[in-house]
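The block underneath contains the structure these notes are about, expressed in structure tokens.
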Amino acid sequence: MRKVDKRWNLLKENDYHFSFQDVEEPHLFRDMFDYDSVPKIMFNHRVVPMRMPDNIWITDTTFRDGQQARTPFTVSQVVDLYKLQNRLGGPKGIIRQSEFFVYTDKDKEALQACIDLGYEFPEVTTWIRASEKDFELIKGFGIKETGILVSCSDYHIFKKMGLNRKQAMDKYLGIVKTAINHGIRPRCHFEDITRADFYGFVIPFADELMKIMNDTGVPIKIRMCDTLGYGITYPGASLPRSVQGIVYGLRFYSGVPSGLLEWHGHNDFYKVVTNAATAWLYGASSVNCSILGIGERTGNCPLEAMVMEYCGLKGTPDGMDLSVITEMAEYFEETLKTDIMARTPFVGRNFNSTRAGIHADGLLKDEEIYNIFNTEKILNRPVTVAINAHSGLAGIALWINAHFKLKGDLAVDKKDDIVQSVKEEVDREFAEGRTTSFGDDELETIMREVNDDMFIAFCHHKKNWLSKGK
């Protein structure tokens with residue numbers, strides 16, 4: 001079959017058909033995964049074309065996969081976080097869906113409370129077991145789409161479920177048909193796809209799903225689950241670990257539309273953000289995330305990271321309110337008592353803070369020199385400095401300006417008397433054996449001691465600044 005690719009104005013050939021391969025023994029890719037050594041990254045030097053869809057978006061699993069790794073949220077906490085997702089995603093619904101459990105009374109109450117808010121985005125979806133009771137349960141809530149687990153590696157088919165491939169496929173196809181019969185769109189979670197026989201099981205299974213979709217007219221979504229974070233984005237990397245190979249194969253060989261392809265990754269090998277972005281670049285419209293990346297083991301793809309990646313790839317936030325990222329971080333720290341690693345990008349307390357005196361001097365002259373972008377404007381997070389033995393006069397001046405919101409003519413210079421006086425007190429404590437950085441309260445106390453009138457004036461300015469919401 002040949003057809004013209006309108007985007008590139010090229011004639012494409014697609015005469016490829018991959019037959020289902022039933023096997024007596026599981027194919028475990030022991031050349032890559034021998035279990036007694038670090039998994040090997042192998043190459044066959046096959047590359048596929050990059051083709052990002054016209055529309056890309058984010059889905060969320062904070063209340064499903066994310067919640068499995070922490071103390072469960074209360075109903076009010078779920079509602080608070082769901083509201084933040086709505087604000088962050090903006091009017092275009094860049095955060096398109098949010099996924100929920102439906103098993104406990106608390107799960108059901110939280111689910112209903114979020115539905116009752118009446119938001120178009122994120123759409124409330126679920127994850128269920130393949131039982132008649134569960135289908136009836138979510139139908140009662142008016143849920144339109146649900147996730148269904150369809151494990152696709154032989155590790156799961158043979159070792160976990162005790163089935164062969166034919167039995168597994170027949171079971172999965174039956175579940176999908178049951179969902180459709182209940183008027184629910186199935187989202188098939190291809191668990192452990194990065195250890196699965198791609199051409200012997202994944203593609204033939206996707207082919208069958210597309211046949212059902214074409215026969216019924218019901219869209220069937222495929223979530224590509226990198227369950228153990230094995231995905232690789234290096235050009236020419238071999239399947240089943242090649243992220244771009246997986247996305248391209250499902251889109252090109254099985255004809256799965258980009259809008260029905262979703263990537264779900266884990267961070268076991270520090271690759272979760274790059275893998276998700278690569279899925280976008282090679283044809284998946286959707287990437288699945290959680291707030292702060294919470295989730296099993298090393299966690300899921302951080303929602304805030306993919307929001308930033310979206311802005312970088314598209315060149316626009318598309319109406320997203322990025323300052324909500326800071327509110328989410330504050331909510332986790334203050335309400336949920338979650339410790340966020342201080343150097344975590346975008347949400348850690350020190351992500352835009354400097355300690356080096358030479359960096360502080362550059363920031364004092366022009367913060368663009370050492371700040372990644374206008375964090376105050378975009379994230380409502382002004383650049384900060386931690387005062388230690390190496391901060392210097394520039395660090396003290398930068399802290400005063402940032403802490404008291406002093407700009408323009410009001411900003412202090414490293415040559416000002418108050419900066420010199422504070423520096424002398426700081427140096428004295430380090431000379432006496434101090435080894436830790438100064439906290440904000442300590443520095444305020446020092447300022448009161450060296451110039452109480454100026455300290456009061458600065459506090460008054462800060463209060464006015466905050467009251468105006470600037």
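Just so we're on the same page: first chain in the structure tokens is A, next is B, and so on; residues restart at 1 for each chain, and ligands are numbered from 1 in the order they show up.
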Please provide the set of residues having any atom within 8 Å of Ala237 of chain A, restricted to only C-alpha atoms, with same-chain residues fewer than 3 positions apart removed, written as a PDB file with N, CA and C atoms, in the first residue's frame.
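Output saved as result_38.pdb:
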ATOM      1  N   ILE A  41      22.346  -1.694  26.799  1.00  0.00           N
ATOM      2  CA  ILE A  41      21.777  -0.840  25.763  1.00  0.00           C
ATOM      3  C   ILE A  41      22.345  -1.315  24.428  1.00  0.00           C
ATOM      4  N   MET A  42      21.470  -1.842  23.579  1.00  0.00           N
ATOM      5  CA  MET A  42      21.925  -2.444  22.326  1.00  0.00           C
ATOM      6  C   MET A  42      21.427  -1.628  21.131  1.00  0.00           C
ATOM      7  N   PHE A  43      22.146  -1.719  20.037  1.00  0.00           N
ATOM      8  CA  PHE A  43      21.856  -0.934  18.844  1.00  0.00           C
ATOM      9  C   PHE A  43      21.724  -1.838  17.620  1.00  0.00           C
ATOM     10  N   ASN A  44      20.788  -1.508  16.758  1.00  0.00           N
ATOM     11  CA  ASN A  44      20.729  -2.146  15.437  1.00  0.00           C
ATOM     12  C   ASN A  44      20.863  -1.111  14.322  1.00  0.00           C
ATOM     13  N   HIS A  45      21.060   0.155  14.728  1.00  0.00           N
ATOM     14  CA  HIS A  45      21.318   1.277  13.811  1.00  0.00           C
ATOM     15  C   HIS A  45      20.136   1.582  12.888  1.00  0.00           C
ATOM     16  N   ARG A  46      18.956   1.166  13.277  1.00  0.00           N
ATOM     17  CA  ARG A  46      17.763   1.533  12.515  1.00  0.00           C
ATOM     18  C   ARG A  46      17.188   2.813  13.112  1.00  0.00           C
ATOM     19  N   ILE A 232      14.869   3.832  25.917  1.00  0.00           N
ATOM     20  CA  ILE A 232      16.107   4.456  25.446  1.00  0.00           C
ATOM     21  C   ILE A 232      15.765   5.346  24.251  1.00  0.00           C
ATOM     22  N   THR A 233      16.389   6.523  24.195  1.00  0.00           N
ATOM     23  CA  THR A 233      16.099   7.444  23.091  1.00  0.00           C
ATOM     24  C   THR A 233      17.287   7.624  22.149  1.00  0.00           C
ATOM     25  N   TYR A 234      18.367   6.900  22.359  1.00  0.00           N
ATOM     26  CA  TYR A 234      19.533   7.057  21.498  1.00  0.00           C
ATOM     27  C   TYR A 234      19.200   6.647  20.064  1.00  0.00           C
ATOM     28  N   ARG A 241      13.603  -1.558  23.541  1.00  0.00           N
ATOM     29  CA  ARG A 241      13.858  -0.428  24.422  1.00  0.00           C
ATOM     30  C   ARG A 241      13.766   0.923  23.719  1.00  0.00           C
ATOM     31  N   SER A 242      13.755   0.938  22.397  1.00  0.00           N
ATOM     32  CA  SER A 242      13.750   2.195  21.654  1.00  0.00           C
ATOM     33  C   SER A 242      12.411   2.902  21.770  1.00  0.00           C
TER      34      SER A 242
END
(message) Would you pick out the contacts of segment 175-186 of chain A at 8 Å or less, using only C-alpha atoms, so that residues sharing its chain but fewer than 5 positions from it are not included, and give the list as a list in words?
(response)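 My reading of the contact set: Ala130, Phe135, Glu136, Lys139, Ile143, Lys144, Glu145, Thr146, Gly147, Ile148, Ile212, Val218, Pro219, Ile220 and Lys221 of chain A.
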Can I get the selection written as an mmCIF file, in the first residue's frame, with N, CA and C atoms?
data_model
loop_
_atom_site.group_PDB
_atom_site.id
_atom_site.type_symbol
_atom_site.label_atom_id
_atom_site.label_comp_id
_atom_site.auth_asym_id
_atom_site.auth_seq_id
_atom_site.Cartn_x
_atom_site.Cartn_y
_atom_site.Cartn_z
ATOM 1 N N ALA A 130 -10.681 -5.756 35.330
ATOM 2 C CA ALA A 130 -11.551 -6.200 34.230
ATOM 3 C C ALA A 130 -12.675 -7.073 34.766
ATOM 4 N N PHE A 135 -17.033 -2.304 35.714
ATOM 5 C CA PHE A 135 -17.581 -1.564 34.578
ATOM 6 C C PHE A 135 -18.894 -0.883 34.957
ATOM 7 N N GLU A 136 -19.731 -1.582 35.689
ATOM 8 C CA GLU A 136 -20.998 -1.002 36.121
ATOM 9 C C GLU A 136 -20.776 0.147 37.103
ATOM 10 N N LYS A 139 -19.578 3.226 35.190
ATOM 11 C CA LYS A 139 -20.675 3.705 34.341
ATOM 12 C C LYS A 139 -21.654 4.515 35.172
ATOM 13 N N ILE A 143 -18.457 7.924 33.883
ATOM 14 C CA ILE A 143 -17.100 7.917 33.330
ATOM 15 C C ILE A 143 -17.145 7.472 31.866
ATOM 16 N N LYS A 144 -16.432 8.207 31.018
ATOM 17 C CA LYS A 144 -16.428 7.916 29.580
ATOM 18 C C LYS A 144 -15.239 7.063 29.152
ATOM 19 N N GLU A 145 -14.126 7.107 29.912
ATOM 20 C CA GLU A 145 -12.924 6.360 29.525
ATOM 21 C C GLU A 145 -12.296 5.733 30.757
ATOM 22 N N THR A 146 -11.814 4.514 30.601
ATOM 23 C CA THR A 146 -11.125 3.869 31.712
ATOM 24 C C THR A 146 -9.892 3.141 31.225
ATOM 25 N N GLY A 147 -8.906 3.073 32.113
ATOM 26 C CA GLY A 147 -7.709 2.306 31.835
ATOM 27 C C GLY A 147 -7.927 0.848 32.177
ATOM 28 N N ILE A 148 -7.374 -0.035 31.333
ATOM 29 C CA ILE A 148 -7.458 -1.482 31.516
ATOM 30 C C ILE A 148 -6.059 -2.048 31.347
ATOM 31 N N ILE A 212 -11.108 -3.713 15.893
ATOM 32 C CA ILE A 212 -12.292 -3.503 16.750
ATOM 33 C C ILE A 212 -12.731 -2.045 16.683
ATOM 34 N N VAL A 218 -15.593 3.099 18.082
ATOM 35 C CA VAL A 218 -15.190 3.561 19.422
ATOM 36 C C VAL A 218 -13.672 3.694 19.469
ATOM 37 N N PRO A 219 -13.143 4.880 19.804
ATOM 38 C CA PRO A 219 -11.691 5.041 19.870
ATOM 39 C C PRO A 219 -11.083 4.182 20.972
ATOM 40 N N ILE A 220 -9.992 3.511 20.648
ATOM 41 C CA ILE A 220 -9.275 2.679 21.615
ATOM 42 C C ILE A 220 -7.876 3.258 21.791
ATOM 43 N N LYS A 221 -7.610 3.734 22.980
ATOM 44 C CA LYS A 221 -6.318 4.373 23.261
ATOM 45 C C LYS A 221 -5.306 3.329 23.704
#
I'd like to know which residues of segment 151-272 of chain A are helix (DSSP H, G or I) (by DSSP, run on the backbone); could you write them as a PDB file with C-alpha atoms, in the first residue's frame?
ATOM      1  CA  ASP A 154       6.351 -12.445  28.372  1.00  0.00           C
ATOM      2  CA  TYR A 155       7.616 -11.623  31.846  1.00  0.00           C
ATOM      3  CA  HIS A 156       4.024 -10.748  32.731  1.00  0.00           C
ATOM      4  CA  ILE A 157       2.114 -13.059  30.391  1.00  0.00           C
ATOM      5  CA  PHE A 158       4.001 -16.241  31.318  1.00  0.00           C
ATOM      6  CA  LYS A 159       5.533 -15.488  34.703  1.00  0.00           C
ATOM      7  CA  LYS A 160       2.849 -13.346  36.365  1.00  0.00           C
ATOM      8  CA  ARG A 165       0.368 -15.295  24.361  1.00  0.00           C
ATOM      9  CA  LYS A 166      -2.749 -16.608  22.629  1.00  0.00           C
ATOM     10  CA  GLN A 167      -4.611 -16.904  25.912  1.00  0.00           C
ATOM     11  CA  ALA A 168      -3.502 -13.428  26.963  1.00  0.00           C
ATOM     12  CA  MET A 169      -4.550 -11.800  23.694  1.00  0.00           C
ATOM     13  CA  ASP A 170      -7.947 -13.522  23.720  1.00  0.00           C
ATOM     14  CA  LYS A 171      -8.486 -12.376  27.301  1.00  0.00           C
ATOM     15  CA  TYR A 172      -7.498  -8.777  26.533  1.00  0.00           C
ATOM     16  CA  LEU A 173      -9.652  -8.524  23.416  1.00  0.00           C
ATOM     17  CA  GLY A 174     -12.609  -9.830  25.410  1.00  0.00           C
ATOM     18  CA  ILE A 175     -12.060  -7.138  28.061  1.00  0.00           C
ATOM     19  CA  VAL A 176     -11.915  -4.413  25.426  1.00  0.00           C
ATOM     20  CA  LYS A 177     -15.169  -5.610  23.861  1.00  0.00           C
ATOM     21  CA  THR A 178     -16.800  -5.689  27.289  1.00  0.00           C
ATOM     22  CA  ALA A 179     -15.815  -2.065  27.908  1.00  0.00           C
ATOM     23  CA  ILE A 180     -17.245  -1.016  24.560  1.00  0.00           C
ATOM     24  CA  ASN A 181     -20.462  -2.928  25.264  1.00  0.00           C
ATOM     25  CA  ILE A 193       6.209  -2.647  26.632  1.00  0.00           C
ATOM     26  CA  THR A 194       9.989  -2.052  26.796  1.00  0.00           C
ATOM     27  CA  ARG A 195      10.531  -5.796  27.470  1.00  0.00           C
ATOM     28  CA  PHE A 198       7.286  -5.880  19.630  1.00  0.00           C
ATOM     29  CA  TYR A 199       6.720  -7.530  16.264  1.00  0.00           C
ATOM     30  CA  GLY A 200       5.532 -10.885  17.624  1.00  0.00           C
ATOM     31  CA  PHE A 201       2.948  -9.593  20.104  1.00  0.00           C
ATOM     32  CA  VAL A 202       2.669  -5.813  20.493  1.00  0.00           C
ATOM     33  CA  ILE A 203       2.020  -4.932  16.846  1.00  0.00           C
ATOM     34  CA  PRO A 204      -0.319  -7.891  16.127  1.00  0.00           C
ATOM     35  CA  PHE A 205      -2.276  -7.045  19.294  1.00  0.00           C
ATOM     36  CA  ALA A 206      -2.520  -3.382  18.292  1.00  0.00           C
ATOM     37  CA  ASP A 207      -3.681  -4.520  14.844  1.00  0.00           C
ATOM     38  CA  GLU A 208      -6.579  -6.396  16.450  1.00  0.00           C
ATOM     39  CA  LEU A 209      -7.494  -3.382  18.566  1.00  0.00           C
ATOM     40  CA  MET A 210      -7.596  -1.179  15.474  1.00  0.00           C
ATOM     41  CA  LYS A 211      -9.911  -3.695  13.790  1.00  0.00           C
ATOM     42  CA  ILE A 212     -12.292  -3.503  16.750  1.00  0.00           C
ATOM     43  CA  MET A 213     -12.095   0.289  16.672  1.00  0.00           C
ATOM     44  CA  ASN A 214     -12.876   0.411  12.966  1.00  0.00           C
ATOM     45  CA  ASP A 215     -15.780  -2.028  13.389  1.00  0.00           C
ATOM     46  CA  THR A 216     -17.363  -0.251  16.360  1.00  0.00           C
ATOM     47  CA  VAL A 243      11.153   4.814  22.568  1.00  0.00           C
ATOM     48  CA  GLN A 244      10.984   6.259  19.068  1.00  0.00           C
ATOM     49  CA  GLY A 245      10.843   2.752  17.605  1.00  0.00           C
ATOM     50  CA  ILE A 246       7.854   1.853  19.772  1.00  0.00           C
ATOM     51  CA  VAL A 247       5.928   5.031  18.933  1.00  0.00           C
ATOM     52  CA  TYR A 248       6.753   4.899  15.229  1.00  0.00           C
ATOM     53  CA  GLY A 249       5.912   1.204  14.995  1.00  0.00           C
ATOM     54  CA  LEU A 250       2.472   1.545  16.568  1.00  0.00           C
ATOM     55  CA  ARG A 251       1.663   4.615  14.501  1.00  0.00           C
ATOM     56  CA  PHE A 252       3.048   3.392  11.160  1.00  0.00           C
ATOM     57  CA  SER A 258      -1.314   9.936  17.289  1.00  0.00           C
ATOM     58  CA  GLY A 259      -4.252  11.139  19.379  1.00  0.00           C
ATOM     59  CA  LEU A 260      -4.682   7.594  20.711  1.00  0.00           C
ATOM     60  CA  VAL A 272      11.773   9.651  32.288  1.00  0.00           C
TER      61      VAL A 272
END
- Task: Run DSSP on the backbone and give me the residues of segment 57-197 of chain A it puts in strand (DSSP E or B), as a PyMOL selection string.
- Result: chain A and resi 57-60+95-100+123-128+145-149+185-190
Note to self: Would you pick out the contacts of segment 323-333 of chain A at 7 Å or less, using only C-alpha atoms, so that residues sharing its chain but fewer than 5 positions from it are not included, and give the list as number ranges by chain?
What the structure shows: A: 84, 88, 304, 338-339, 347, 378-380
Export of the given selection (N, CA and C atoms) as a JSON list (two decimals), in the first residue's frame:
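For reference, part_19.json as written:
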[["chain", "number", "residue", "atom", "x", "y", "z"],
["A", 84, "LEU", "N", -5.93, 22.70, 41.12],
["A", 84, "LEU", "CA", -4.66, 23.25, 40.66],
["A", 84, "LEU", "C", -4.31, 22.74, 39.26],
["A", 88, "LEU", "N", -3.57, 25.09, 36.10],
["A", 88, "LEU", "CA", -2.30, 24.97, 35.40],
["A", 88, "LEU", "C", -2.54, 24.65, 33.92],
["A", 304, "GLU", "N", 5.26, 18.89, 36.16],
["A", 304, "GLU", "CA", 5.82, 20.23, 35.97],
["A", 304, "GLU", "C", 6.93, 20.21, 34.92],
["A", 338, "THR", "N", 5.37, 17.12, 52.58],
["A", 338, "THR", "CA", 6.26, 16.36, 51.71],
["A", 338, "THR", "C", 7.59, 17.09, 51.58],
["A", 339, "ASP", "N", 8.68, 16.36, 51.76],
["A", 339, "ASP", "CA", 10.00, 16.95, 51.58],
["A", 339, "ASP", "C", 10.37, 16.91, 50.09],
["A", 347, "VAL", "N", 10.72, 23.28, 41.29],
["A", 347, "VAL", "CA", 9.93, 23.18, 42.52],
["A", 347, "VAL", "C", 10.77, 23.14, 43.79],
["A", 378, "ILE", "N", 7.52, 34.05, 35.54],
["A", 378, "ILE", "CA", 6.91, 32.83, 35.03],
["A", 378, "ILE", "C", 6.39, 31.93, 36.14],
["A", 379, "LEU", "N", 7.17, 31.76, 37.21],
["A", 379, "LEU", "CA", 6.81, 30.82, 38.28],
["A", 379, "LEU", "C", 6.47, 31.50, 39.60],
["A", 380, "ASN", "N", 6.52, 32.84, 39.62],
["A", 380, "ASN", "CA", 6.35, 33.57, 40.87],
["A", 380, "ASN", "C", 7.39, 33.11, 41.90]]
